[in-house]
Amino acid sequence: MKNTLFSLLAVAALIFGAFTMQAQKDVKPYTFTHSNISYDVDSRVLPALDVEELYKDDAINAEKGSPLRVGLVRPVSYTFENSGRTDILEDGSRLWRLTIQSEDAYMLNIFFSTFNIPEGATFHIYSGDRTQLTGSYTNEDVQSNGVLASDDIMGDVATLEYYEPADVPYHGIIEIDRISHIYRDVFRVREQDNEKGHWGDAEGDCHIDVVCPKAAGWHDQASAVVCIMITGTTGTYMCSGTILNNTRRDKTPYCLTANHCLDGTSSTFKFYFFYQSMTCGGSNGYYNRVCNGGEIKARASLSTSSDFMLLLLTGNLGVSYRDSIVFAGWDATGTASVGVGIHHPGGDVKKISWVRTITGNATSKYWTAHWYTNPIKGVTEQGSSGSPLFNAQGLVIGDLSNGSSACDYPQGTDNYGKFSYSWLNGNTNAASAKLKPWLDPDNTGALTLGGMNYNGTPAGIQNFDTDVKTFGIFPNPSTGNISVSGNFASDEGTCMIYNAMGVLVGNYHVQLSDAFSLDLSHLPNGVYMMHIVSDDQTFRSKMVIAR
């Protein structure tokens, strides 16, 4: 690749801390500290890709019902025995190295179908110019299923280096079966699009950063949302997801996303935490807070159910970000109120979009979100798939499945698989096809659960209570025909009415003014709580109907 690109990548690595060499292990490759080693290393050069054709294929599938492809998988079979150079050192230790090149890749990911190395051995992967280093991988990284996915290596050349002391109890075994060639320009500032300044491959420019002041009330929810890189048998894709709480509150790291993001059941998962800009509208952020490894626990398809997938993170949560993780709360009651969507459009840094109204009847499998159009307050796009829909109380009520909204088409709508439908998935007996066995493992019967910080303290809901304002209702009690007065933030909003049991019994789009009328005479006698959401403000008052 061009020298200017590598220079930019090297600078980006310094700015964003992407290659910290996992300082917790703090072991450098053998060749970085010894000079008596030949650099004549065996190389494997993969055939060049026709990237223009890949983009044409992607354009055919450029919809939210399909995951965003960012890379192409190159099948290989590299082991200690059939490739690379092995040196037996004077003290009897072994050093193995292999260089891999996939021309013009922006980034490489290397996947091991077998990774089993003994205690004391170290494995590193570094870029062709040796400025970017990942590892060391050690015996602690050996997983029960024997697989391993590398961290991201920027550029199109990677060198693998394995050092094994002479006194290990057994010789290490590896097999590399896939190389993912990332051909989309994710995780760096794009040279060709300086005026946009966004990371990732988002097409639109109407997306709002989660760090903007307007999004301050949703900080906890944003801390639960992750970007997911999914590598299957043929490609690498990017989607969004949410880390969820469970009724045991035991910090089991479940992640909710969309089933259509899956590329074969043998897919490998990588989760990016806090991949967001540092400033509102900025382009600087982190993408190295990564958890490698995930396991499918439950899923259901787009064609037959609510298009959800529940993953269990199997890799280690890094100490640099773990304590800031939030486990999001959820609502499986089948009621909806307007909140926000938080997502990674086009693999971009984390964004927030405000919902204007939500529709969906009691028997449907999806909520349909309608967005603001004047002004636009965010939408979604490909790459946002699997991202959460939060209600007004900050609880997850759905995951993004498909839709038509875009920055240049904000009047389009988006369909979110209902959390309440995914909860039991039509009362199926299979635990692998519903959420309840995993999120309520002790069968407590809970249908709502609040969010939780990693330290076990509550998260999410309290943010909204502090911002709630009241409004006037006259007469009160009434027969159902009322006048509402208040200092609302905009000229339109959503009115939600809950009965004394907390069940949503009315959801209306209303035109707001200092005083306006509502006909609620169809509601039976009783005590109700009326919520009005206007812009990003929530108003709440109690109402009594008595005839």
# chains A, B, ... in the order shown; residues from 1 in each chain; ligands from 1
$ select_by_dssp --residues "region 158-379 of chain A" --states "alpha helix (DSSP H)" --output "list in words"
His219, Asp220, Gln221 and Ala222 of chain A
$ residues_around --residues "region 442-447 of chain A" --least-positions-apart "2" --cutoff "7 Å" --atoms "only C-alpha atoms" --output "count of residues only"
5
$ closest_residue --among "A:Asn288, A:Ala459, A:Pro477, A:Ala258" --to "Asn415 (chain A)" --atoms "only C-alpha atoms"
A:Ala258
$ residues_around --residues "region 222-227 of chain A" --least-positions-apart "2" --cutoff "6 Å" --atoms "only C-alpha atoms" --output "list in words"
His219, Asp220, Ser240, Gly241, Thr242, Ile243, Phe271, Tyr272, Phe273, Ile325, Val326, Phe327 and Ala328 of chain A
$ atom_distance --atom1 "CA of Gly65 (chain A)" --atom2 "CA of Phe111 (chain A)"
26.5 Å
